[in-house]
Structures are given as C-alpha cells and as structure tokens.
file input-v2.pdb (PDB, C-alpha atoms (C1' of nucleotides))
ATOM      1  CA  MET A 121      -4.461 -20.436   5.663
ATOM      2  CA  ILE A 122      -6.072 -17.263   6.803
ATOM      3  CA  ASP A 123      -7.488 -15.788   3.617
ATOM      4  CA  GLY A 124     -10.807 -17.151   2.512
ATOM      5  CA  SER A 125     -10.039 -15.932  -0.998
ATOM      6  CA  PRO A 126      -6.399 -14.894  -1.060
ATOM      7  CA  GLY A 127      -6.433 -13.089  -4.382
ATOM      8  CA  ALA A 128      -9.300 -10.870  -3.374
ATOM      9  CA  VAL A 129      -7.648  -9.901  -0.119
ATOM     10  CA  GLN A 130      -4.429  -9.024  -1.910
ATOM     11  CA  GLY A 131      -6.274  -6.823  -4.408
ATOM     12  CA  ALA A 132      -8.081  -5.013  -1.628
ATOM     13  CA  PHE A 133      -4.946  -4.404   0.458
ATOM     14  CA  ARG A 134      -3.065  -3.253  -2.602
ATOM     15  CA  ALA A 135      -5.830  -0.783  -3.429
ATOM     16  CA  LEU A 136      -5.944   0.553   0.123
ATOM     17  CA  ALA A 137      -2.208   1.230   0.249
ATOM     18  CA  ASP A 138      -2.564   4.545  -1.587
ATOM     19  CA  PRO A 139      -3.918   7.560   0.342
ATOM     20  CA  THR A 140      -5.597   9.013  -2.754
ATOM     21  CA  ARG A 141      -7.516   5.775  -3.216
ATOM     22  CA  ARG A 142      -8.583   5.734   0.419
ATOM     23  CA  ASP A 143      -9.826   9.301   0.008
ATOM     24  CA  ILE A 144     -11.734   8.255  -3.101
ATOM     25  CA  LEU A 145     -13.472   5.559  -1.074
ATOM     26  CA  VAL A 146     -14.525   8.147   1.491
ATOM     27  CA  PHE A 147     -15.963  10.355  -1.249
ATOM     28  CA  LEU A 148     -17.802   7.420  -2.779
ATOM     29  CA  SER A 149     -19.182   6.459   0.610
ATOM     30  CA  ARG A 150     -21.098   9.718   0.610
ATOM     31  CA  GLN A 151     -22.240   9.632  -2.983
ATOM     32  CA  ASP A 152     -21.813   7.703  -6.228
ATOM     33  CA  MET A 153     -19.686   9.654  -8.687
ATOM     34  CA  THR A 154     -18.538   9.719 -12.298
ATOM     35  CA  ILE A 155     -14.823   9.738 -13.033
ATOM     36  CA  SER A 156     -14.861  13.467 -13.707
ATOM     37  CA  GLU A 157     -16.680  14.161 -10.470
ATOM     38  CA  VAL A 158     -14.064  12.221  -8.525
ATOM     39  CA  ALA A 159     -11.253  13.906 -10.466
ATOM     40  CA  SER A 160     -12.599  17.359  -9.604
ATOM     41  CA  ARG A 161     -11.843  16.585  -5.940
ATOM     42  CA  PHE A 162      -8.126  16.135  -6.584
ATOM     43  CA  ASP A 163      -5.233  18.039  -8.109
ATOM     44  CA  ILE A 164      -4.261  15.197 -10.408
ATOM     45  CA  THR A 165      -5.402  14.519 -13.953
ATOM     46  CA  ARG A 166      -8.521  12.594 -14.811
ATOM     47  CA  ALA A 167      -6.343   9.885 -16.326
ATOM     48  CA  ALA A 168      -4.561   9.381 -13.011
ATOM     49  CA  VAL A 169      -7.894   9.185 -11.214
ATOM     50  CA  LYS A 170      -9.058   6.652 -13.761
ATOM     51  CA  LYS A 171      -6.059   4.476 -12.922
ATOM     52  CA  HIS A 172      -6.882   4.653  -9.237
ATOM     53  CA  LEU A 173     -10.493   3.731  -9.933
ATOM     54  CA  THR A 174      -9.345   0.750 -12.001
ATOM     55  CA  ILE A 175      -7.213  -0.501  -9.128
ATOM     56  CA  LEU A 176     -10.077   0.030  -6.694
ATOM     57  CA  GLU A 177     -12.315  -1.950  -9.025
ATOM     58  CA  GLN A 178      -9.729  -4.736  -9.307
ATOM     59  CA  GLY A 179      -9.683  -4.857  -5.522
ATOM     60  CA  ALA A 180     -13.484  -5.196  -5.556
ATOM     61  CA  LEU A 181     -13.759  -2.072  -3.428
ATOM     62  CA  ILE A 182     -15.917  -0.283  -5.973
ATOM     63  CA  SER A 183     -18.132  -1.248  -8.899
ATOM     64  CA  VAL A 184     -18.585   0.679 -12.127
ATOM     65  CA  HIS A 185     -21.939   1.146 -13.832
ATOM     66  CA  PRO A 186     -22.109   2.615 -17.348
ATOM     67  CA  SER A 187     -24.941   5.075 -17.821
ATOM     68  CA  GLY A 188     -25.024   6.699 -21.229
ATOM     69  CA  ARG A 189     -21.666   8.259 -21.831
ATOM     70  CA  GLU A 190     -20.929   8.367 -18.125
ATOM     71  CA  ARG A 191     -19.606   5.697 -15.772
ATOM     72  CA  ILE A 192     -20.926   5.736 -12.244
ATOM     73  CA  ASN A 193     -18.462   4.581  -9.600
ATOM     74  CA  ARG A 194     -20.022   3.007  -6.523
ATOM     75  CA  LEU A 195     -18.579   1.897  -3.225
ATOM     76  CA  GLU A 196     -18.614  -1.865  -2.652
ATOM     77  CA  PRO A 197     -18.566  -2.299   1.110
ATOM     78  CA  LEU A 198     -18.237  -6.062   0.781
ATOM     79  CA  GLY A 199     -14.688  -5.672  -0.515
ATOM     80  CA  LEU A 200     -13.736  -3.688   2.557
ATOM     81  CA  LYS A 201     -15.316  -6.354   4.674
ATOM     82  CA  SER A 202     -12.842  -8.926   3.309
ATOM     83  CA  VAL A 203     -10.045  -6.761   4.676
ATOM     84  CA  ALA A 204     -11.783  -6.457   8.015
ATOM     85  CA  ASP A 205     -12.156 -10.222   8.075
ATOM     86  CA  TRP A 206      -8.436 -10.662   7.564
ATOM     87  CA  LEU A 207      -7.768  -8.316  10.458
ATOM     88  CA  ASN A 208     -10.179 -10.284  12.597
ATOM     89  CA  TYR A 209      -7.564 -13.010  12.865
ATOM     90  CA  PHE A 210      -5.623 -10.702  15.148
ATOM     91  CA  ASP A 211      -8.552  -9.826  17.352
ATOM     92  CA  ARG A 212      -7.471 -12.114  20.151
ATOM     93  CA  PHE A 213      -4.118 -10.367  20.371
ATOM     94  CA  TRP A 214      -5.847  -7.071  20.917
ATOM     95  CA  ASP A 215      -7.271  -8.462  24.100
ATOM     96  CA  ASP A 216      -4.292 -10.004  25.893
ATOM     97  CA  ARG A 217      -1.200  -8.418  24.396
ATOM     98  CA  LEU A 218      -2.787  -5.036  23.897
ATOM     99  CA  HIS A 219      -3.785  -4.939  27.510
ATOM    100  CA  ASN A 220      -0.245  -5.694  28.667
ATOM    101  CA  LEU A 221       1.147  -3.225  26.192
ATOM    102  CA  GLN A 222      -1.060  -0.462  27.459
ATOM    103  CA  GLU A 223       0.061  -1.114  31.008
ATOM    104  CA  ALA A 224       3.696  -1.008  29.927
ATOM    105  CA  ILE A 225       3.187   2.306  28.157
ATOM    106  CA  GLU A 226       1.492   3.842  31.139
ATOM    107  CA  GLU A 227       4.253   2.596  33.400
ATOM    108  CA  GLU A 228       6.829   4.163  31.106
ATOM    109  CA  GLU A 229       4.936   7.441  31.197
ATOM    110  CA  ARG A 230       4.960   7.388  34.972
ATOM    111  CA  GLN A 231       8.720   6.896  35.059
ATOM    112  CA  LYS A 232       9.283   9.850  32.731
ATOM    113  CA  ASP A 233       7.533  12.091  35.219
ATOM    114  CA  ASP A 234      10.430  11.872  37.703
TER     115      ASP A 234
ATOM    116  CA  MET B   8     -11.258  13.770   8.816
ATOM    117  CA  ILE B   9     -11.229  10.070   9.388
ATOM    118  CA  ASP B  10      -7.676   9.331  10.418
ATOM    119  CA  GLY B  11      -6.866   9.998  14.021
ATOM    120  CA  SER B  12      -3.165  10.049  13.110
ATOM    121  CA  PRO B  13      -2.911  10.048   9.303
ATOM    122  CA  GLY B  14       0.769   9.217   9.017
ATOM    123  CA  ALA B  15       0.422   6.125  11.143
ATOM    124  CA  VAL B  16      -2.501   4.844   9.121
ATOM    125  CA  GLN B  17      -0.594   5.336   5.883
ATOM    126  CA  GLY B  18       2.416   3.475   7.206
ATOM    127  CA  ALA B  19       0.264   0.582   8.339
ATOM    128  CA  PHE B  20      -1.665   0.289   5.072
ATOM    129  CA  ARG B  21       1.545   0.513   3.096
ATOM    130  CA  ALA B  22       3.068  -2.267   5.161
ATOM    131  CA  LEU B  23       0.004  -4.478   4.758
ATOM    132  CA  ALA B  24      -0.024  -4.155   0.963
ATOM    133  CA  ASP B  25       2.613  -6.845   0.537
ATOM    134  CA  PRO B  26       1.584 -10.499   0.981
ATOM    135  CA  THR B  27       4.992 -11.490   2.375
ATOM    136  CA  ARG B  28       4.642  -8.869   5.079
ATOM    137  CA  ARG B  29       1.152 -10.049   5.955
ATOM    138  CA  ASP B  30       2.510 -13.578   6.247
ATOM    139  CA  ILE B  31       5.283 -12.307   8.513
ATOM    140  CA  LEU B  32       2.653 -10.778  10.784
ATOM    141  CA  VAL B  33       0.895 -14.125  11.014
ATOM    142  CA  PHE B  34       4.158 -15.842  11.963
ATOM    143  CA  LEU B  35       4.910 -13.195  14.561
ATOM    144  CA  SER B  36       1.433 -13.550  16.001
ATOM    145  CA  ARG B  37       2.341 -17.093  16.986
ATOM    146  CA  GLN B  38       5.819 -16.361  18.263
ATOM    147  CA  ASP B  39       8.426 -13.597  18.502
ATOM    148  CA  MET B  40      11.265 -14.187  16.063
ATOM    149  CA  THR B  41      14.726 -12.990  15.097
ATOM    150  CA  ILE B  42      15.335 -11.848  11.544
ATOM    151  CA  SER B  43      16.980 -15.129  10.632
ATOM    152  CA  GLU B  44      14.096 -17.114  12.072
ATOM    153  CA  VAL B  45      11.639 -15.155   9.968
ATOM    154  CA  ALA B  46      13.870 -15.475   6.905
ATOM    155  CA  SER B  47      14.001 -19.270   7.286
ATOM    156  CA  ARG B  48      10.235 -19.335   6.593
ATOM    157  CA  PHE B  49      10.634 -17.750   3.139
ATOM    158  CA  ASP B  50      12.538 -18.351  -0.070
ATOM    159  CA  ILE B  51      14.003 -14.882  -0.139
ATOM    160  CA  THR B  52      17.270 -13.619   1.320
ATOM    161  CA  ARG B  53      17.659 -12.416   4.877
ATOM    162  CA  ALA B  54      18.356  -8.921   3.519
ATOM    163  CA  ALA B  55      14.994  -8.879   1.762
ATOM    164  CA  VAL B  56      13.268 -10.029   4.945
ATOM    165  CA  LYS B  57      15.077  -7.308   6.844
ATOM    166  CA  LYS B  58      13.618  -4.716   4.463
ATOM    167  CA  HIS B  59      10.127  -6.075   5.039
ATOM    168  CA  LEU B  60      10.648  -5.972   8.796
ATOM    169  CA  THR B  61      11.828  -2.373   8.554
ATOM    170  CA  ILE B  62       8.668  -1.404   6.688
ATOM    171  CA  LEU B  63       6.539  -3.280   9.206
ATOM    172  CA  GLU B  64       8.317  -1.408  11.983
ATOM    173  CA  GLN B  65       7.784   1.922  10.229
ATOM    174  CA  GLY B  66       4.112   1.070  10.024
ATOM    175  CA  ALA B  67       4.143   0.379  13.762
ATOM    176  CA  LEU B  68       2.924  -3.158  13.133
ATOM    177  CA  ILE B  69       5.910  -4.715  14.876
ATOM    178  CA  SER B  70       8.527  -3.621  17.377
ATOM    179  CA  VAL B  71      12.163  -4.688  17.470
ATOM    180  CA  HIS B  72      14.015  -5.550  20.669
ATOM    181  CA  PRO B  73      17.808  -6.015  20.611
ATOM    182  CA  SER B  74      19.019  -8.919  22.706
ATOM    183  CA  GLY B  75      22.725  -9.551  22.477
ATOM    184  CA  ARG B  76      23.595  -9.796  18.839
ATOM    185  CA  GLU B  77      20.040 -10.796  17.960
ATOM    186  CA  ARG B  78      17.040  -8.621  17.296
ATOM    187  CA  ILE B  79      13.683  -9.939  18.424
ATOM    188  CA  ASN B  80      10.741  -8.924  16.237
ATOM    189  CA  ARG B  81       7.412  -8.701  18.016
ATOM    190  CA  LEU B  82       3.887  -8.140  16.753
ATOM    191  CA  GLU B  83       2.363  -4.798  17.722
ATOM    192  CA  PRO B  84      -1.406  -5.259  17.669
ATOM    193  CA  LEU B  85      -1.943  -1.551  18.269
ATOM    194  CA  GLY B  86      -0.798  -0.762  14.738
ATOM    195  CA  LEU B  87      -3.269  -3.207  13.269
ATOM    196  CA  LYS B  88      -5.970  -1.690  15.372
ATOM    197  CA  SER B  89      -5.413   1.696  13.696
ATOM    198  CA  VAL B  90      -6.233   0.035  10.395
ATOM    199  CA  ALA B  91      -9.316  -1.579  11.840
ATOM    200  CA  ASP B  92     -10.385   1.799  13.171
ATOM    201  CA  TRP B  93     -10.098   3.300   9.702
ATOM    202  CA  LEU B  94     -12.247   0.515   8.322
ATOM    203  CA  ASN B  95     -14.787   1.100  11.047
ATOM    204  CA  TYR B  96     -15.849   4.261   9.263
ATOM    205  CA  PHE B  97     -17.381   2.031   6.605
ATOM    206  CA  ASP B  98     -19.173  -0.268   8.996
ATOM    207  CA  ARG B  99     -22.478   1.441   8.400
ATOM    208  CA  PHE B 100     -22.174   0.887   4.634
ATOM    209  CA  TRP B 101     -21.997  -2.859   4.980
ATOM    210  CA  ASP B 102     -25.760  -2.684   5.032
ATOM    211  CA  ASP B 103     -26.942  -1.399   1.683
ATOM    212  CA  ARG B 104     -30.147   0.030   3.030
ATOM    213  CA  LEU B 105     -28.248   2.100   5.528
ATOM    214  CA  HIS B 106     -26.046   3.198   2.674
ATOM    215  CA  ASN B 107     -28.922   4.732   0.771
ATOM    216  CA  LEU B 108     -30.197   6.525   3.830
ATOM    217  CA  GLN B 109     -26.770   7.872   4.628
ATOM    218  CA  GLU B 110     -26.342   8.976   1.040
ATOM    219  CA  ALA B 111     -29.419  11.143   1.171
ATOM    220  CA  ILE B 112     -28.336  12.766   4.409
ATOM    221  CA  GLU B 113     -24.824  13.430   3.211
ATOM    222  CA  GLU B 114     -26.076  14.822  -0.067
ATOM    223  CA  GLU B 115     -28.131  17.361   1.824
ATOM    224  CA  GLU B 116     -25.058  18.267   3.871
ATOM    225  CA  ARG B 117     -22.914  18.557   0.798
ATOM    226  CA  GLN B 118     -25.238  20.978  -0.927
ATOM    227  CA  LYS B 119     -25.119  23.250   2.103
ATOM    228  CA  ASP B 120     -21.329  23.256   1.909
ATOM    229  CA  ASP B 121     -21.110  24.324  -1.714
TER     230      ASP B 121
ATOM    231  C1'  DT C  50      42.559 -14.964  20.931
ATOM    232  C1'  DA C  51      40.525 -16.762  16.919
ATOM    233  C1'  DT C  52      36.563 -17.715  14.607
ATOM    234  C1'  DA C  53      31.919 -18.370  13.450
ATOM    235  C1'  DT C  54      27.562 -16.094  13.349
ATOM    236  C1'  DG C  55      23.602 -12.474  13.528
ATOM    237  C1'  DA C  56      22.762  -8.308  11.862
ATOM    238  C1'  DG C  57      23.545  -3.544   9.482
ATOM    239  C1'  DA C  58      24.783  -0.884   5.257
ATOM    240  C1'  DT C  59      25.440  -0.178   0.432
ATOM    241  C1'  DA C  60      25.192  -0.603  -4.268
ATOM    242  C1'  DC C  61      22.832  -2.282  -7.830
ATOM    243  C1'  DC C  62      18.908  -4.244 -10.821
ATOM    244  C1'  DA C  63      14.217  -5.226 -12.884
ATOM    245  C1'  DA C  64       9.595  -4.397 -12.335
ATOM    246  C1'  DA C  65       5.704  -1.906 -10.516
ATOM    247  C1'  DT C  66       3.684   2.549  -9.435
ATOM    248  C1'  DG C  67       1.804   7.217  -9.830
ATOM    249  C1'  DG C  68       1.824  10.607 -12.759
ATOM    250  C1'  DT C  69       1.461  13.312 -17.428
ATOM    251  C1'  DA C  70       0.365  14.243 -22.308
ATOM    252  C1'  DT C  71      -1.952  12.960 -26.340
ATOM    253  C1'  DC C  72      -5.100  10.876 -29.347
ATOM    254  C1'  DA C  73      -9.257   7.961 -30.286
ATOM    255  C1'  DT C  74     -14.137   6.668 -29.406
ATOM    256  C1'  DG C  75     -18.865   6.952 -28.105
ATOM    257  C1'  DT C  76     -22.846   9.666 -26.870
ATOM    258  C1'  DC C  77     -25.681  13.734 -25.996
ATOM    259  C1'  DA C  78     -27.669  17.874 -27.824
ATOM    260  C1'  DA C  79     -28.360  21.864 -30.922
TER     261       DA C  79
ATOM    262  C1'  DT D 245     -24.989  16.429 -38.980
ATOM    263  C1'  DT D 246     -21.955  18.692 -36.253
ATOM    264  C1'  DG D 247     -19.879  19.962 -32.240
ATOM    265  C1'  DA D 248     -19.155  19.366 -27.312
ATOM    266  C1'  DC D 249     -18.139  16.384 -23.712
ATOM    267  C1'  DA D 250     -17.185  11.975 -20.847
ATOM    268  C1'  DT D 251     -14.443   8.376 -21.194
ATOM    269  C1'  DG D 252     -10.909   4.901 -23.085
ATOM    270  C1'  DA D 253      -6.267   3.850 -24.597
ATOM    271  C1'  DT D 254      -1.584   4.381 -25.279
ATOM    272  C1'  DA D 255       3.048   5.957 -24.766
ATOM    273  C1'  DC D 256       6.198   7.850 -21.919
ATOM    274  C1'  DC D 257       8.669   9.451 -17.511
ATOM    275  C1'  DA D 258      10.502   9.569 -12.640
ATOM    276  C1'  DT D 259      10.280   7.310  -8.419
ATOM    277  C1'  DT D 260       9.412   3.477  -5.485
ATOM    278  C1'  DT D 261       9.593  -1.275  -4.574
ATOM    279  C1'  DG D 262      11.144  -6.010  -3.920
ATOM    280  C1'  DG D 263      14.927  -8.381  -4.656
ATOM    281  C1'  DT D 264      20.154  -9.790  -4.788
ATOM    282  C1'  DA D 265      25.136  -9.582  -3.743
ATOM    283  C1'  DT D 266      28.698  -8.004  -0.945
ATOM    284  C1'  DC D 267      31.053  -5.842   2.629
ATOM    285  C1'  DT D 268      31.520  -4.485   7.435
ATOM    286  C1'  DC D 269      30.491  -4.549  12.408
ATOM    287  C1'  DA D 270      29.315  -6.642  16.711
ATOM    288  C1'  DT D 271      28.920 -10.495  19.691
ATOM    289  C1'  DA D 272      29.029 -15.363  21.196
ATOM    290  C1'  DT D 273      31.911 -19.181  21.794
ATOM    291  C1'  DA D 274      35.664 -22.752  20.924
TER     292       DA D 274
END
call {"tool": "encode", "arguments": {"input": "input-v2.pdb", "output": "structure tokens"}}
result
Amino acid sequence: MIDGSPGAVQGAFRALADPTRRDILVFLSRQDMTISEVASRFDITRAAVKKHLTILEQGALISVHPSGRERINRLEPLGLKSVADWLNYFDRFWDDRLHNLQEAIEEEERQKDD
Amino acid sequence: MIDGSPGAVQGAFRALADPTRRDILVFLSRQDMTISEVASRFDITRAAVKKHLTILEQGALISVHPSGRERINRLEPLGLKSVADWLNYFDRFWDDRLHNLQEAIEEEERQKDD
DNA sequence: TATATGAGATACCAAATGGTATCATGTCAA
DNA sequence: TTGACATGATACCATTTGGTATCTCATATA
C-alpha cells in the first residue's frame, strides 16, 4: 500500500481536480479569506464557492475558523503535503525513465530537422 | 500564473482524482501492460479500464504503444512531474512561520494592485 | 481459411458534480 | 429593536463521470 492514510489522499486529490478549487488555494496562500471575499474573485455565486470550500475542507486542504458572523478560510499546507508524499513514490522513475525519455524526445527533434 | 502549461496540469489532476486510475499508475510503474493485463487486476470490465486509460493518456500520465493487435500502456513520469511542479508553489507554506511572513509581503503587494 | 482473441466504438444507465435560485438563521450596528 | 449583512441549507437543473452491454474490426494462430 502506498497511501499512509488512503481516505485523506483521496479527499485531497478529489479537491484538487477542479481548477476553481486550485485557484482558491492560490488565493488563500496569499491571505486568509471569508467566503464572500473568495467569491468576489470569481464569476460564480457565493453558494457555488461555498461548495468548493466545503470540498477543500473535506480534503483537509483548508481549515475554517468562525469569527463572529464571518468564517475565515485558511490554507492547510499539510493536506497538500499528503499529495506530494503520494507523488514521491514515483520519484525514482523521474530519474531513470525520465532521463531516457528526454533523450528520446531530443533524438526525435533532431530527426524532424531533416 | 502558476501553471507552466495550464491545460496539461488540469488533465493530470483530473486523471489523478480517481483512485482506480492512481492504482493503475502504480501497476504501470512496476511494468508496462496491455489493457487486458491492467483489467485483470480490477473487478471492473475491460471497457471501463479502457476509459480510465484514455483519461490517463489525455492527462499525459501514460503513453500507449501499439504492438500487433495489442496496445502497451506505459507510465509517463513527465506528466506526474507537472503535478509535482504545481505543488512546489506551496512548498514555502509547509512551514507556518514562513507562511505568516509571506502573507505580510503579499498583502502589501495586493494593496498596491488595487 | 477458419477461428479465437485483443481492442475500438456506441449506446445506455445511475450517480456525482458544478452550478443556480431561494429561503432561513445568526450577528453586528444604528 | 430593527435592519443590514455574512453565512447556512435546501431544492432543483444540466452535464460529467464511472460503469455495463453489445457490436464491430483487426490480428494471431490452428
């Protein structure tokens, strides 16, 4: 088994599959935001943004902190790290296979230049 | 912008969102396989596996090489690397103290932009 | 040649997904 | 207290997604 905690990894990958959610993570990396603040960055309704934030929270990529009538959304880098850890399994292939691949590509490029 | 080639990153993240597809990648990391060989590892039909392989190919996570009447599916580490590169943006946030520092800097930048 | 086999192509289905609109609730402030 | 505002909750819709079944095509092989 590769996943240390399979469920968590699945939630994180699921959350990252949507481009809007990835953009939200970038925004939150710069600054904590309320739902409305996040929503103001997009052309979709606040309700849709709320759904995205819920999925991000389920994937443990953000945490939510109530403050009065607002809810502050905060990036949780640890969740992203679980994804990076999963990818780490393939690190060794980036060394050998990737090297060979790169050579093959360059060789192909040379042959096109005829 | 974070993505070097946005479309490619989206395709890769989309492909990785499904646990069956992530398992397929692990199998292919050990050994190249035909569609039927991959399908024999799962309890779903060969047609369903074929769909997964198509999505993996669209995400540039595997490549397909016809050989006679068979089609060899091969892991493409380069596609996974594009995902890792996207995640690299968040490397600095894995340390909370760096996060706070970065936040202050970015906030200053943001207020200039408004 | 005849036949078995690997793969492609559709058509179809149930469930999940991303979105909207609408209404309810809690909290701040005048 | 009353109104304004941030959020929660629900119902609903169109599209995508993961899956099956079935048919056809191409290619080994007896």
call {"tool": "atom_distance", "arguments": {"input": "input-v2.pdb", "atom1": "CA of Leu32 (chain B)", "atom2": "CA of Ile69 (chain B)"}}
result
8.0 Å
call {"tool": "resolve_selection", "arguments": {"input": "input-v2.pdb", "expression": "the PyMOL selection byres ((chain C) within 12 of (chain A))", "output": "number ranges by chain"}}
result
C: 65-71, 74-77
call {"tool": "resolve_selection", "arguments": {"input": "input-v2.pdb", "expression": "the PyMOL selection byres ((chain D) within 7 of (chain B))", "output": "VMD selection string"}}
result
chain D and resid 263 270 to 271
call {"tool": "write_last_selection", "arguments": {"input": "input-v2.pdb", "atoms": "C-alpha atoms (C1' of nucleotides)", "output": "mmCIF file, in the coordinates of the input"}}
result
data_model
loop_
_atom_site.group_PDB
_atom_site.id
_atom_site.type_symbol
_atom_site.label_atom_id
_atom_site.label_comp_id
_atom_site.auth_asym_id
_atom_site.auth_seq_id
_atom_site.Cartn_x
_atom_site.Cartn_y
_atom_site.Cartn_z
ATOM 1 C "C1'" DG D 263 14.927 -8.381 -4.656
ATOM 2 C "C1'" DA D 270 29.315 -6.642 16.711
ATOM 3 C "C1'" DT D 271 28.920 -10.495 19.691
#
call {"tool": "residues_around", "arguments": {"input": "input-v2.pdb", "residues": "DT59 (chain C)", "least_positions_apart": "3", "cutoff": "12 Å", "atoms": "all atoms listed in the file", "output": "PyMOL selection string"}}
result
(chain B and resi 54) or (chain D and resi 265-268)
call {"tool": "resolve_selection", "arguments": {"input": "input-v2.pdb", "expression": "the PyMOL selection byres ((chain A) within 7 of (chain B))", "output": "MDAnalysis selection string"}}
result
chainID A and resid 130 133:134 136:137 139 150:151 197:198 204 213:214 218
call {"tool": "decode", "arguments": {"input": "input-v2.pdb", "residues": "region 254-266 of chain D", "atoms": "C-alpha atoms (C1' of nucleotides)", "output": "PDB file, in the first residue's frame"}}
result
ATOM      1  C1'  DT D 254     -32.319  23.168   0.546  1.00  0.00           C
ATOM      2  C1'  DA D 255     -34.254  22.150  -3.862  1.00  0.00           C
ATOM      3  C1'  DC D 256     -33.520  21.899  -8.445  1.00  0.00           C
ATOM      4  C1'  DC D 257     -31.063  21.571 -13.131  1.00  0.00           C
ATOM      5  C1'  DA D 258     -27.671  20.239 -16.849  1.00  0.00           C
ATOM      6  C1'  DT D 259     -23.521  17.961 -17.595  1.00  0.00           C
ATOM      7  C1'  DT D 260     -19.947  14.791 -16.492  1.00  0.00           C
ATOM      8  C1'  DT D 261     -18.473  10.519 -14.749  1.00  0.00           C
ATOM      9  C1'  DG D 262     -17.858   5.606 -13.898  1.00  0.00           C
ATOM     10  C1'  DG D 263     -19.861   1.753 -15.171  1.00  0.00           C
ATOM     11  C1'  DT D 264     -22.155  -2.059 -18.258  1.00  0.00           C
ATOM     12  C1'  DA D 265     -23.569  -4.483 -22.510  1.00  0.00           C
ATOM     13  C1'  DT D 266     -23.016  -5.206 -27.220  1.00  0.00           C
TER      14       DT D 266
END
